[in-house]
Amino acid sequence: MATSTKGVVDVVFCLDASGSMAPCIDGVRKNLDSFLDALAGDANRKMDCRLDFLVHSCGADGGLVRSKSLNKSGEDLIKALYGQTPQPSAFFTTDRVAVSNALRSVEVYGDEAMLIALDMALDYPWRPQAGCHRVVVLLTDEPLEANAIWAAQQAKLDAIIDKIQKLGVKLYLVGPQSAGLDTLAEADKCLYQKATQTYDGLGALDFSKVLGQIGKSVSASVLQGRPDVGVKRALFGQDQWVASDDAIRGGR
């Protein structure tokens, strides 16, 4: 039965951190308030919103992966998420300033592998589905089919969609026209806003408007109150990635 969430929301911004994406990361950082203000709806609404992000990039062959969240990066992120002793406390915060400051330090690099990034974001330690909206906002300036190791990612596309639905995650996609994104948008209640340009870091996007629209959509949505079900974690074997200098080797 549908229930009120009373403003209980977990949000992960899943961001393409390839070489062209500095304008997007800066746009999200500068416009978090637009998202959160629209999410609250009015000043009298009490919000319990936890935030985090996952920025991700890799080499053209899918190796030398660089991933960063609010509190962890590289091998430390993998250990916190998938280690023998996972660290749920390392993820999510209610401090919007901390998120903004952390995004300021993100360095763009290399190529994209956005389904791998999305899978990692889906594996974050969400609060129980029965009492919390789970939201992923994915932004990229490149069609999925132009990503590194696309064939390996495409093979998991149906599994990713199934995982999104079982977790009860509401997915918001912002990116260019893409057959791969069209397919991903078939996930239940997914919304896909198509950007007019590619490979420009979404620099032409009005981030205040777009993030505000997403916040309003989340605010207006109704929680279905479903119990949690088990899902397969680390669909791309990222729990087995190993350290290599300042990055981690994996993704192939």
# chains A, B, ... in the order shown; residues from 1 in each chain; ligands from 1
>>> select_by_dssp(residues="stretch 127-164 of chain A", states="strand (DSSP E)", output="PyMOL selection string")
chain A and resi 133-139
>>> write_last_selection(atoms="N, CA and C atoms", output="CSV table (one decimal), in the first residue's frame")
chain,number,residue,atom,x,y,z
A,133,HIS,N,12.3,7.0,0.1
A,133,HIS,CA,12.5,7.2,-1.4
A,133,HIS,C,14.0,6.9,-1.7
A,134,ARG,N,14.3,6.1,-2.7
A,134,ARG,CA,15.7,5.8,-3.1
A,134,ARG,C,15.8,6.4,-4.5
A,135,VAL,N,16.7,7.4,-4.7
A,135,VAL,CA,16.9,8.1,-5.9
A,135,VAL,C,18.3,8.1,-6.4
A,136,VAL,N,18.5,7.8,-7.7
A,136,VAL,CA,19.7,8.0,-8.4
A,136,VAL,C,19.6,9.0,-9.5
A,137,VAL,N,20.4,10.0,-9.6
A,137,VAL,CA,20.4,11.0,-10.6
A,137,VAL,C,21.7,10.8,-11.4
A,138,LEU,N,21.6,10.3,-12.7
A,138,LEU,CA,22.7,10.0,-13.5
A,138,LEU,C,22.9,11.0,-14.6
A,139,LEU,N,24.1,11.6,-14.7
A,139,LEU,CA,24.4,12.6,-15.7
A,139,LEU,C,25.6,12.2,-16.5
>>> closest_atom_pairs(of="stretch 184-245 of chain A", to="stretch 162-177 of chain A", cutoff="8 Å", atoms="only C-alpha atoms", output="CSV")
residue,atom,partner,partner_atom,distance
A:Ala185,CA,A:Leu173,CA,7.5
A:Ala187,CA,A:Gln165,CA,6.6
A:Asp188,CA,A:Gln165,CA,6.3
A:Lys189,CA,A:Lys170,CA,6.2
A:Cys190,CA,A:Leu171,CA,4.8
A:Leu191,CA,A:Tyr172,CA,4.9
A:Tyr192,CA,A:Leu173,CA,4.5
A:Gln193,CA,A:Val174,CA,4.9
A:Lys194,CA,A:Pro176,CA,5.1
A:Ala195,CA,A:Pro176,CA,4.6
A:Thr196,CA,A:Pro176,CA,6.3
A:Gln197,CA,A:Pro176,CA,6.2
A:Thr198,CA,A:Pro176,CA,5.8
A:Leu202,CA,A:Gly175,CA,7.7
A:Ile214,CA,A:Tyr172,CA,7.4
A:Arg226,CA,A:Gly168,CA,7.9
A:Asp228,CA,A:Leu167,CA,7.0
A:Val229,CA,A:Lys166,CA,6.6
A:Gly230,CA,A:Lys166,CA,8.0
A:Val231,CA,A:Lys163,CA,6.3
A:Lys232,CA,A:Lys163,CA,7.7
>>> select_by_dssp(residues="stretch 30-106 of chain A", states="alpha helix (DSSP H)", output="VMD selection string")
chain A and resid 30 32 to 40 74 to 82 96 to 104
>>> atom_distance(atom1="atom CA of A:Val97", atom2="atom CA of A:Arg50")
12.4 Å
>>> residues_around(residues="A:Ala102", least_positions_apart="6", cutoff="10 Å", atoms="only C-alpha atoms", output="count of residues only")
8
>>> closest_residue(among="A:Val106, A:Leu81, A:Ala38, A:Ala60", to="A:Ala22", atoms="only C-alpha atoms")
A:Val106
>>> closest_residue(among="A:Leu103, A:Val12, A:Cys58, A:Lys209", to="A:Leu122", atoms="only C-alpha atoms")
A:Val12
>>> residues_around(residues="A:Pro227", least_positions_apart="4", cutoff="9 Å", atoms="only C-alpha atoms", output="PyMOL selection string")
chain A and resi 128-130
>>> closest_residue(among="A:Phe92, A:Tyr124, A:Tyr199, A:Phe236", to="A:Gln154", atoms="only C-alpha atoms")
A:Phe236
>>> closest_residue(among="A:Gly74, A:Pro125, A:Gly63, A:Gly110", to="A:Pro88", atoms="only C-alpha atoms")
A:Pro125
>>> residues_around(residues="A:Phe207", least_positions_apart="5", cutoff="7 Å", atoms="only C-alpha atoms", output="VMD selection string")
chain A and resid 27 to 28 31
>>> write_last_selection(atoms="N, CA and C atoms", output="tab-separated table (two decimals), in the first residue's frame")
chain	number	residue	atom	x	y	z
A	27	GLY	N	28.33	22.26	-12.34
A	27	GLY	CA	26.92	22.64	-12.38
A	27	GLY	C	26.11	21.98	-11.28
A	28	VAL	N	26.37	20.69	-11.02
A	28	VAL	CA	25.69	19.99	-9.93
A	28	VAL	C	26.09	20.62	-8.60
A	31	ASN	N	24.40	23.93	-7.87
A	31	ASN	CA	22.93	23.97	-7.89
A	31	ASN	C	22.28	22.90	-7.02
>>> atom_distance(atom1="atom CA of A:Ala151", atom2="atom CA of A:Asp123")
21.9 Å
>>> closest_residue(among="A:Leu51, A:Val99, A:Ile149, A:Ala121", to="A:Leu77", atoms="only C-alpha atoms")
A:Ala121
